[in-house]
$ cat model-v5.tsv   # TSV, C-alpha atoms and all ligand atoms
chain	number	residue	atom	x	y	z
A	199	MET	CA	-13.65	-10.72	-16.82
A	200	SER	CA	-17.16	-10.55	-15.44
A	201	GLU	CA	-19.38	-7.54	-16.18
A	202	LYS	CA	-20.28	-7.11	-12.53
A	203	LYS	CA	-18.08	-4.78	-10.50
A	204	ALA	CA	-17.14	-5.29	-6.87
A	205	ARG	CA	-18.98	-2.81	-4.68
A	206	ILE	CA	-16.29	-1.10	-2.62
A	207	ALA	CA	-16.52	0.79	0.69
A	208	VAL	CA	-13.47	2.90	1.61
A	209	PHE	CA	-12.93	3.53	5.34
A	210	VAL	CA	-11.04	6.75	6.14
A	211	SER	CA	-10.06	8.95	9.08
A	212	GLY	CA	-8.08	11.87	7.72
A	213	GLY	CA	-6.85	13.61	4.62
A	214	GLY	CA	-7.79	10.83	2.26
A	215	THR	CA	-4.96	11.03	-0.27
A	216	ASN	CA	-5.16	7.26	-0.69
A	217	LEU	CA	-8.90	7.52	-1.25
A	218	GLN	CA	-8.13	10.13	-3.91
A	219	ALA	CA	-5.59	7.84	-5.57
A	220	ILE	CA	-8.26	5.12	-5.75
A	221	LEU	CA	-10.87	7.50	-7.18
A	222	ASP	CA	-8.36	8.78	-9.75
A	223	ALA	CA	-7.45	5.21	-10.70
A	224	GLN	CA	-11.11	4.44	-11.20
A	225	LYS	CA	-11.38	7.38	-13.58
A	226	SER	CA	-8.24	6.49	-15.51
A	227	GLY	CA	-9.27	2.83	-15.84
A	228	ILE	CA	-6.58	1.28	-13.63
A	229	ILE	CA	-9.47	0.12	-11.44
A	230	LYS	CA	-12.08	-1.44	-13.68
A	231	SER	CA	-13.30	-4.47	-11.72
A	232	GLY	CA	-14.58	-2.49	-8.75
A	233	GLU	CA	-16.44	0.69	-7.97
A	234	VAL	CA	-16.31	2.83	-4.83
A	235	VAL	CA	-19.95	3.22	-3.77
A	236	LEU	CA	-19.45	4.33	-0.17
A	237	VAL	CA	-16.93	6.22	1.96
A	238	VAL	CA	-17.10	5.82	5.73
A	239	SER	CA	-15.22	8.13	8.09
A	240	ASN	CA	-14.75	7.49	11.80
A	241	SER	CA	-13.86	11.11	12.36
A	242	GLU	CA	-16.15	14.10	11.87
A	243	GLY	CA	-14.97	16.68	9.39
A	244	ALA	CA	-12.23	14.50	7.84
A	245	TYR	CA	-11.10	16.05	4.56
A	246	ALA	CA	-11.60	12.63	2.94
A	247	LEU	CA	-15.35	13.29	3.25
A	248	GLU	CA	-14.96	16.35	1.01
A	249	ARG	CA	-13.16	14.22	-1.53
A	250	ALA	CA	-16.07	11.76	-1.52
A	251	LYS	CA	-18.53	14.61	-1.92
A	252	ASN	CA	-16.55	16.10	-4.80
A	253	ALA	CA	-16.63	12.74	-6.54
A	254	GLY	CA	-20.38	12.36	-5.94
A	255	ILE	CA	-19.94	9.33	-3.70
A	256	LYS	CA	-22.17	8.58	-0.75
A	257	ALA	CA	-20.38	9.31	2.52
A	258	GLU	CA	-21.21	8.38	6.11
A	259	THR	CA	-19.62	9.30	9.42
A	260	VAL	CA	-19.64	6.73	12.22
A	261	THR	CA	-17.68	7.62	15.35
A	262	ARG	CA	-16.74	5.46	18.32
A	263	LYS	CA	-17.69	8.33	20.57
A	264	LYS	CA	-21.25	8.59	19.26
A	265	THR	CA	-21.84	4.85	19.03
A	266	GLY	CA	-20.51	4.39	22.57
A	267	SER	CA	-18.43	1.22	22.33
A	268	GLN	CA	-16.26	-0.66	19.82
A	269	GLU	CA	-18.98	-3.29	19.63
A	270	ALA	CA	-21.71	-0.77	18.77
A	271	PHE	CA	-19.33	1.02	16.38
A	272	GLU	CA	-18.64	-2.21	14.51
A	273	ALA	CA	-22.34	-3.14	14.52
A	274	GLU	CA	-23.12	0.14	12.78
A	275	LEU	CA	-20.37	-0.45	10.23
A	276	GLU	CA	-21.76	-3.92	9.61
A	277	ARG	CA	-25.22	-2.49	9.09
A	278	LEU	CA	-23.86	-0.05	6.50
A	279	MET	CA	-22.00	-2.84	4.69
A	280	ALA	CA	-25.18	-4.89	4.41
A	281	GLU	CA	-27.35	-1.93	3.45
A	282	ASN	CA	-24.96	-0.97	0.65
A	283	LYS	CA	-24.26	-4.57	-0.46
A	284	ILE	CA	-20.51	-4.11	-0.05
A	285	ASP	CA	-18.20	-6.76	-1.54
A	286	LEU	CA	-14.85	-5.25	-0.54
A	287	ILE	CA	-13.78	-2.99	2.34
A	288	VAL	CA	-10.70	-0.84	1.73
A	289	LEU	CA	-9.01	0.73	4.76
A	290	ALA	CA	-7.31	3.90	3.52
A	291	GLY	CA	-5.73	5.61	6.51
A	292	PHE	CA	-8.42	4.25	8.83
A	293	MET	CA	-7.21	4.79	12.39
A	294	ASN	CA	-9.24	2.23	14.31
A	295	ILE	CA	-8.23	-1.36	14.92
A	296	LEU	CA	-11.21	-3.51	13.98
A	297	THR	CA	-11.76	-6.51	16.23
A	298	GLU	CA	-12.08	-10.14	15.22
A	299	ASN	CA	-15.82	-9.80	15.74
A	300	PHE	CA	-15.88	-7.56	12.65
A	301	THR	CA	-12.97	-8.88	10.57
A	302	SER	CA	-14.07	-12.53	10.80
A	303	LYS	CA	-17.30	-11.61	9.00
A	304	TYR	CA	-15.38	-10.46	5.90
A	305	PRO	CA	-12.58	-12.98	5.28
A	306	LYS	CA	-10.33	-11.82	2.40
A	307	ARG	CA	-12.76	-8.94	1.86
A	308	ILE	CA	-10.92	-6.27	3.85
A	309	ILE	CA	-7.62	-4.81	2.69
A	310	ASN	CA	-5.38	-2.16	4.27
A	311	ILE	CA	-2.41	-0.02	3.31
A	312	HIS	CA	0.41	0.30	5.81
A	313	PRO	CA	3.19	2.86	5.28
A	314	ALA	CA	6.15	0.50	5.87
A	315	LEU	CA	7.49	-2.82	4.65
A	316	ILE	CA	5.66	-5.29	6.92
A	317	PRO	CA	6.89	-6.93	9.19
A	318	SER	CA	8.87	-3.76	9.98
A	319	PHE	CA	7.31	-0.92	11.94
A	320	CYS	CA	3.81	-2.35	12.13
A	321	GLY	CA	1.20	-3.48	14.64
A	322	LYS	CA	-0.42	-1.61	17.47
A	323	GLY	CA	0.87	1.96	17.92
A	324	PHE	CA	2.40	2.16	14.44
A	325	TYR	CA	0.25	4.43	12.35
A	326	GLY	CA	0.61	7.57	10.27
A	327	LEU	CA	3.67	9.68	10.97
A	328	LYS	CA	4.72	7.45	13.89
A	329	VAL	CA	5.72	4.76	11.40
A	330	HIS	CA	8.13	7.10	9.62
A	331	GLU	CA	9.50	8.44	12.91
A	332	ALA	CA	10.29	4.85	13.93
A	333	ALA	CA	11.93	4.08	10.57
A	334	LEU	CA	14.17	7.16	10.83
A	335	GLU	CA	14.96	6.41	14.46
A	336	ARG	CA	16.09	2.88	13.52
A	337	GLY	CA	18.14	4.23	10.63
A	338	VAL	CA	16.80	1.95	7.89
A	339	LYS	CA	17.89	2.90	4.38
A	340	LEU	CA	14.84	1.37	2.73
A	341	THR	CA	11.23	1.59	3.76
A	342	GLY	CA	8.03	1.48	1.69
A	343	ALA	CA	4.41	0.47	1.78
A	344	THR	CA	2.44	-2.77	2.10
A	345	VAL	CA	-1.08	-3.68	1.07
A	346	HIS	CA	-2.40	-6.66	3.00
A	347	TYR	CA	-5.58	-8.51	3.89
A	348	VAL	CA	-6.99	-7.61	7.28
A	349	ASN	CA	-7.56	-10.28	9.91
A	350	GLU	CA	-7.70	-10.27	13.71
A	351	ILE	CA	-3.99	-9.47	14.07
A	352	ALA	CA	-3.11	-5.78	13.56
A	353	ASP	CA	-1.13	-5.58	10.29
A	354	GLY	CA	-0.85	-9.38	10.41
A	355	GLY	CA	-2.90	-10.52	7.40
A	356	GLU	CA	-1.56	-11.99	4.18
A	357	ILE	CA	0.54	-9.57	2.11
A	358	ILE	CA	-0.84	-8.62	-1.31
A	359	MET	CA	1.69	-6.07	-2.61
A	360	GLN	CA	4.76	-4.20	-1.40
A	361	LYS	CA	6.98	-1.46	-2.82
A	362	ALA	CA	10.27	-0.23	-1.43
A	363	VAL	CA	11.24	3.44	-1.14
A	364	GLU	CA	14.67	4.89	-0.31
A	365	VAL	CA	15.31	6.86	2.85
A	366	HIS	CA	17.52	9.89	2.22
A	367	ASP	CA	19.99	11.58	4.56
A	368	GLY	CA	18.31	14.46	6.34
A	369	ASP	CA	14.76	13.14	5.84
A	370	THR	CA	12.18	14.37	8.32
A	371	PRO	CA	9.18	12.12	9.10
A	372	GLU	CA	7.02	14.43	6.97
A	373	VAL	CA	9.36	14.34	3.97
A	374	LEU	CA	9.67	10.56	4.19
A	375	GLN	CA	5.91	10.13	4.55
A	376	ARG	CA	5.34	12.15	1.39
A	377	ARG	CA	7.92	10.13	-0.59
A	378	VAL	CA	6.41	6.83	0.59
A	379	MET	CA	2.96	8.05	-0.44
A	380	GLU	CA	4.04	9.31	-3.86
A	381	GLN	CA	6.34	6.46	-4.80
A	382	ALA	CA	4.57	3.54	-3.14
A	383	GLU	CA	1.14	4.01	-1.57
A	384	TRP	CA	-0.61	5.86	-4.37
A	385	VAL	CA	0.91	3.42	-6.88
A	386	ILE	CA	0.32	-0.01	-5.33
A	387	PHE	CA	-2.95	0.64	-3.52
A	388	PRO	CA	-5.04	1.18	-6.67
A	389	GLN	CA	-3.28	-1.80	-8.29
A	390	ALA	CA	-4.11	-3.99	-5.30
A	391	VAL	CA	-7.73	-2.78	-5.24
A	392	GLU	CA	-8.05	-3.80	-8.89
A	393	LYS	CA	-6.37	-7.17	-8.30
A	394	VAL	CA	-8.58	-8.10	-5.34
A	395	SER	CA	-11.76	-6.79	-7.02
A	396	ALA	CA	-11.04	-8.83	-10.14
A	397	GLU	CA	-10.43	-11.94	-8.04
A	398	LEU	CA	-13.64	-11.45	-6.07
A	399	MET	CA	-15.72	-11.00	-9.19
A	400	ALA	CA	-14.12	-13.84	-11.21
B	501	LIG	C1	-1.22	6.79	4.95
B	501	LIG	O1	0.16	6.99	4.94
B	501	LIG	C2	-1.55	5.36	5.33
B	501	LIG	O2	-0.63	4.44	4.82
B	501	LIG	C3	-1.45	5.44	6.82
B	501	LIG	O3	-2.02	6.69	7.16
B	501	LIG	C4	-1.88	7.60	6.07
B	501	LIG	C5	-3.24	8.12	5.67
B	501	LIG	O4	-3.15	9.14	4.73
B	501	LIG	N1	-2.12	4.34	7.44
B	501	LIG	C6	-1.72	3.78	8.58
B	501	LIG	O5	-0.78	4.18	9.25
B	501	LIG	C7	-2.57	2.59	9.05
B	501	LIG	N2	-1.89	1.87	10.09
B	501	LIG	P1	-4.38	9.51	3.78
B	501	LIG	O6	-5.58	9.80	4.68
B	501	LIG	O7	-3.92	10.76	3.08
B	501	LIG	O8	-4.63	8.38	2.83

$ encode --input "model-v5.tsv" --output "structure tokens" --more "lines below"
Ligand code: GAR
Amino acid sequence: MSEKKARIAVFVSGGGTNLQAILDAQKSGIIKSGEVVLVVSNSEGAYALERAKNAGIKAETVTRKKTGSQEAFEAELERLMAENKIDLIVLAGFMNILTENFTSKYPKRIINIHPALIPSFCGKGFYGLKVHEAALERGVKLTGATVHYVNEIADGGEIIMQKAVEVHDGDTPEVLQRRVMEQAEWVIFPQAVEKVSAELMA
């Protein structure tokens, strides 16, 4: 293992429980090949920003609204990645679909967590609670989470890790979301961050 750690930027939009799982895993030593050096939110006042602050990590807010266009938004993100010498971008509940213009600049250097077993319930329009609503609507008995590389196809990049979670009778979208987070997302995401960081730094 090399001494140098991958410099990680985590992109967030909301509560940031996955960011928290990554920060906790860094503390406990599950993540040892990478270090979160920057948190970027595309929404003002996201609670994830508080989590970054509490952990003493530099945080930036870049919104589509303020930058004016997706192109300008991505240009600003790119600037931040260069300025902070980022090796790995981790999308943790980041609710913006990055275009090929951005993703093609970081091949195998952007990973995302999706709250379902890809290829089920994924792609455009499937995010957050909507994913669990769709799973319950379809009546699947197993769902889960997937960590994958990000390319130009929404939720279409190579799969890195998956974990299945049972759906129970009477589940609401909120109850199912919480179980998927606890049993899958917060478990496999830190593991995948470590795996990819170690590979990048090898
Ligand atoms: C998580 O369930 C994550 O998998 C999902 O949003 C939630 C964010 O929660 N991401 C997507 O749906 C991306 N398509 P968090 O802010 O507490 O980590």

$ closest_atom_pairs --input "model-v5.tsv" --of "chain A" --to "ligand LIG 501 (chain B)" --cutoff "7 Å" --atoms "all atoms listed in the file" --output "tab-separated table"
residue	atom	partner	partner_atom	distance
A:Val210	CA	B:LIG501	O6	6.4
A:Ser211	CA	B:LIG501	O6	6.3
A:Gly212	CA	B:LIG501	O6	4.4
A:Gly213	CA	B:LIG501	O6	4.0
A:Gly214	CA	B:LIG501	O6	3.4
A:Thr215	CA	B:LIG501	O7	3.5
A:Asn216	CA	B:LIG501	O8	3.7
A:Leu217	CA	B:LIG501	O8	6.0
A:Ala246	CA	B:LIG501	O6	6.9
A:Ala290	CA	B:LIG501	O8	5.3
A:Gly291	CA	B:LIG501	C5	3.6
A:Phe292	CA	B:LIG501	C7	6.1
A:Met293	CA	B:LIG501	C7	6.1
A:Ile311	CA	B:LIG501	O2	5.0
A:His312	CA	B:LIG501	O2	4.4
A:Pro313	CA	B:LIG501	O2	4.2
A:Phe324	CA	B:LIG501	N2	6.1
A:Tyr325	CA	B:LIG501	O5	3.3
A:Gly326	CA	B:LIG501	O5	3.8
A:Val329	CA	B:LIG501	O5	6.9
A:Gln375	CA	B:LIG501	O1	6.6
A:Met379	CA	B:LIG501	O1	6.2
A:Glu383	CA	B:LIG501	O2	6.6

$ residues_around --input "model-v5.tsv" --residues "Glu331 of chain A" --least-positions-apart "2" --cutoff "12 Å" --atoms "only C-alpha atoms" --output "PyMOL selection string"
chain A and resi 313-314+319+323-329+333-338+341+365+369-375

$ write_last_selection --input "model-v5.tsv" --atoms "C-alpha atoms" --output "tab-separated table (two decimals), in the coordinates of the input"
chain	number	residue	atom	x	y	z
A	313	PRO	CA	3.19	2.86	5.28
A	314	ALA	CA	6.15	0.50	5.87
A	319	PHE	CA	7.31	-0.92	11.94
A	323	GLY	CA	0.87	1.96	17.92
A	324	PHE	CA	2.40	2.16	14.44
A	325	TYR	CA	0.25	4.43	12.35
A	326	GLY	CA	0.61	7.57	10.27
A	327	LEU	CA	3.67	9.68	10.97
A	328	LYS	CA	4.72	7.45	13.89
A	329	VAL	CA	5.72	4.76	11.40
A	333	ALA	CA	11.93	4.08	10.57
A	334	LEU	CA	14.17	7.16	10.83
A	335	GLU	CA	14.96	6.41	14.46
A	336	ARG	CA	16.09	2.88	13.52
A	337	GLY	CA	18.14	4.23	10.63
A	338	VAL	CA	16.80	1.95	7.89
A	341	THR	CA	11.23	1.59	3.76
A	365	VAL	CA	15.31	6.86	2.85
A	369	ASP	CA	14.76	13.14	5.84
A	370	THR	CA	12.18	14.37	8.32
A	371	PRO	CA	9.18	12.12	9.10
A	372	GLU	CA	7.02	14.43	6.97
A	373	VAL	CA	9.36	14.34	3.97
A	374	LEU	CA	9.67	10.56	4.19
A	375	GLN	CA	5.91	10.13	4.55

$ closest_residue --input "model-v5.tsv" --among "A:Ala273, A:Ala332, A:Ala219, A:Leu398" --to "Ala382 of chain A" --atoms "all atoms listed in the file"
A:Ala219

$ atom_distance --input "model-v5.tsv" --atom1 "atom CA of Val260 of chain A" --atom2 "atom CA of Leu247 of chain A"
11.9 Å

$ atom_distance --input "model-v5.tsv" --atom1 "atom CA of Gly368 of chain A" --atom2 "atom CA of Ile386 of chain A"
25.9 Å

$ build_atoms --input "model-v5.tsv" --residues "segment 332-343 of chain A" --atoms "all heavy atoms" --output "PDB file, keeping the file's coordinate frame"
ATOM      1  N   ALA A 332       9.626   6.081  13.476  1.00  0.00           N
ATOM      2  CA  ALA A 332      10.290   4.850  13.930  1.00  0.00           C
ATOM      3  C   ALA A 332      11.325   4.373  12.907  1.00  0.00           C
ATOM      4  O   ALA A 332      12.412   3.918  13.278  1.00  0.00           O
ATOM      5  CB  ALA A 332       9.244   3.766  14.180  1.00  0.00           C
ATOM      6  N   ALA A 333      10.994   4.504  11.626  1.00  0.00           N
ATOM      7  CA  ALA A 333      11.930   4.080  10.570  1.00  0.00           C
ATOM      8  C   ALA A 333      13.193   4.943  10.611  1.00  0.00           C
ATOM      9  O   ALA A 333      14.321   4.429  10.524  1.00  0.00           O
ATOM     10  CB  ALA A 333      11.251   4.159   9.213  1.00  0.00           C
ATOM     11  N   LEU A 334      13.016   6.250  10.778  1.00  0.00           N
ATOM     12  CA  LEU A 334      14.170   7.160  10.830  1.00  0.00           C
ATOM     13  C   LEU A 334      14.992   6.910  12.089  1.00  0.00           C
ATOM     14  O   LEU A 334      16.226   6.904  12.051  1.00  0.00           O
ATOM     15  CB  LEU A 334      13.702   8.624  10.770  1.00  0.00           C
ATOM     16  CG  LEU A 334      13.129   9.077   9.424  1.00  0.00           C
ATOM     17  CD1 LEU A 334      12.572  10.496   9.527  1.00  0.00           C
ATOM     18  CD2 LEU A 334      14.175   9.002   8.311  1.00  0.00           C
ATOM     19  N   GLU A 335      14.312   6.686  13.180  1.00  0.00           N
ATOM     20  CA  GLU A 335      14.960   6.410  14.460  1.00  0.00           C
ATOM     21  C   GLU A 335      15.859   5.162  14.353  1.00  0.00           C
ATOM     22  O   GLU A 335      16.976   5.129  14.837  1.00  0.00           O
ATOM     23  CB  GLU A 335      13.853   6.192  15.510  1.00  0.00           C
ATOM     24  CG  GLU A 335      14.306   5.788  16.878  1.00  0.00           C
ATOM     25  CD  GLU A 335      14.733   6.992  17.714  1.00  0.00           C
ATOM     26  OE1 GLU A 335      14.553   8.154  17.280  1.00  0.00           O
ATOM     27  OE2 GLU A 335      15.260   6.740  18.794  1.00  0.00           O
ATOM     28  N   ARG A 336      15.352   4.144  13.655  1.00  0.00           N
ATOM     29  CA  ARG A 336      16.090   2.880  13.520  1.00  0.00           C
ATOM     30  C   ARG A 336      17.208   2.997  12.490  1.00  0.00           C
ATOM     31  O   ARG A 336      18.123   2.193  12.450  1.00  0.00           O
ATOM     32  CB  ARG A 336      15.103   1.759  13.124  1.00  0.00           C
ATOM     33  CG  ARG A 336      15.702   0.369  13.074  1.00  0.00           C
ATOM     34  CD  ARG A 336      16.176  -0.064  14.454  1.00  0.00           C
ATOM     35  NE  ARG A 336      16.857  -1.356  14.440  1.00  0.00           N
ATOM     36  CZ  ARG A 336      18.128  -1.525  14.097  1.00  0.00           C
ATOM     37  NH1 ARG A 336      18.864  -0.482  13.756  1.00  0.00           N
ATOM     38  NH2 ARG A 336      18.669  -2.735  14.124  1.00  0.00           N
ATOM     39  N   GLY A 337      17.089   3.997  11.622  1.00  0.00           N
ATOM     40  CA  GLY A 337      18.140   4.230  10.630  1.00  0.00           C
ATOM     41  C   GLY A 337      18.083   3.336   9.418  1.00  0.00           C
ATOM     42  O   GLY A 337      19.104   3.124   8.739  1.00  0.00           O
ATOM     43  N   VAL A 338      16.895   2.799   9.094  1.00  0.00           N
ATOM     44  CA  VAL A 338      16.800   1.950   7.890  1.00  0.00           C
ATOM     45  C   VAL A 338      17.055   2.806   6.655  1.00  0.00           C
ATOM     46  O   VAL A 338      16.801   4.009   6.640  1.00  0.00           O
ATOM     47  CB  VAL A 338      15.411   1.252   7.772  1.00  0.00           C
ATOM     48  CG1 VAL A 338      15.227   0.221   8.872  1.00  0.00           C
ATOM     49  CG2 VAL A 338      14.265   2.255   7.766  1.00  0.00           C
ATOM     50  N   LYS A 339      17.599   2.182   5.623  1.00  0.00           N
ATOM     51  CA  LYS A 339      17.890   2.900   4.380  1.00  0.00           C
ATOM     52  C   LYS A 339      16.805   2.676   3.341  1.00  0.00           C
ATOM     53  O   LYS A 339      16.752   3.351   2.317  1.00  0.00           O
ATOM     54  CB  LYS A 339      19.245   2.445   3.810  1.00  0.00           C
ATOM     55  CG  LYS A 339      20.406   2.640   4.774  1.00  0.00           C
ATOM     56  CD  LYS A 339      20.577   4.099   5.191  1.00  0.00           C
ATOM     57  CE  LYS A 339      21.649   4.265   6.270  1.00  0.00           C
ATOM     58  NZ  LYS A 339      21.472   5.547   7.009  1.00  0.00           N
ATOM     59  N   LEU A 340      15.977   1.671   3.599  1.00  0.00           N
ATOM     60  CA  LEU A 340      14.840   1.370   2.730  1.00  0.00           C
ATOM     61  C   LEU A 340      13.602   1.227   3.587  1.00  0.00           C
ATOM     62  O   LEU A 340      13.636   0.577   4.622  1.00  0.00           O
ATOM     63  CB  LEU A 340      15.046   0.028   2.013  1.00  0.00           C
ATOM     64  CG  LEU A 340      15.804  -0.026   0.714  1.00  0.00           C
ATOM     65  CD1 LEU A 340      15.827  -1.472   0.218  1.00  0.00           C
ATOM     66  CD2 LEU A 340      15.195   0.869  -0.357  1.00  0.00           C
ATOM     67  N   THR A 341      12.520   1.845   3.129  1.00  0.00           N
ATOM     68  CA  THR A 341      11.230   1.590   3.760  1.00  0.00           C
ATOM     69  C   THR A 341      10.242   1.380   2.620  1.00  0.00           C
ATOM     70  O   THR A 341      10.655   0.934   1.545  1.00  0.00           O
ATOM     71  CB  THR A 341      10.843   2.716   4.749  1.00  0.00           C
ATOM     72  OG1 THR A 341       9.632   2.367   5.394  1.00  0.00           O
ATOM     73  CG2 THR A 341      10.720   4.072   4.083  1.00  0.00           C
ATOM     74  N   GLY A 342       8.962   1.682   2.803  1.00  0.00           N
ATOM     75  CA  GLY A 342       8.030   1.480   1.690  1.00  0.00           C
ATOM     76  C   GLY A 342       6.611   1.383   2.165  1.00  0.00           C
ATOM     77  O   GLY A 342       6.245   1.953   3.196  1.00  0.00           O
ATOM     78  N   ALA A 343       5.822   0.640   1.419  1.00  0.00           N
ATOM     79  CA  ALA A 343       4.410   0.470   1.780  1.00  0.00           C
ATOM     80  C   ALA A 343       3.986  -0.965   1.489  1.00  0.00           C
ATOM     81  O   ALA A 343       4.571  -1.637   0.628  1.00  0.00           O
ATOM     82  CB  ALA A 343       3.534   1.439   0.991  1.00  0.00           C
TER      83      ALA A 343
END
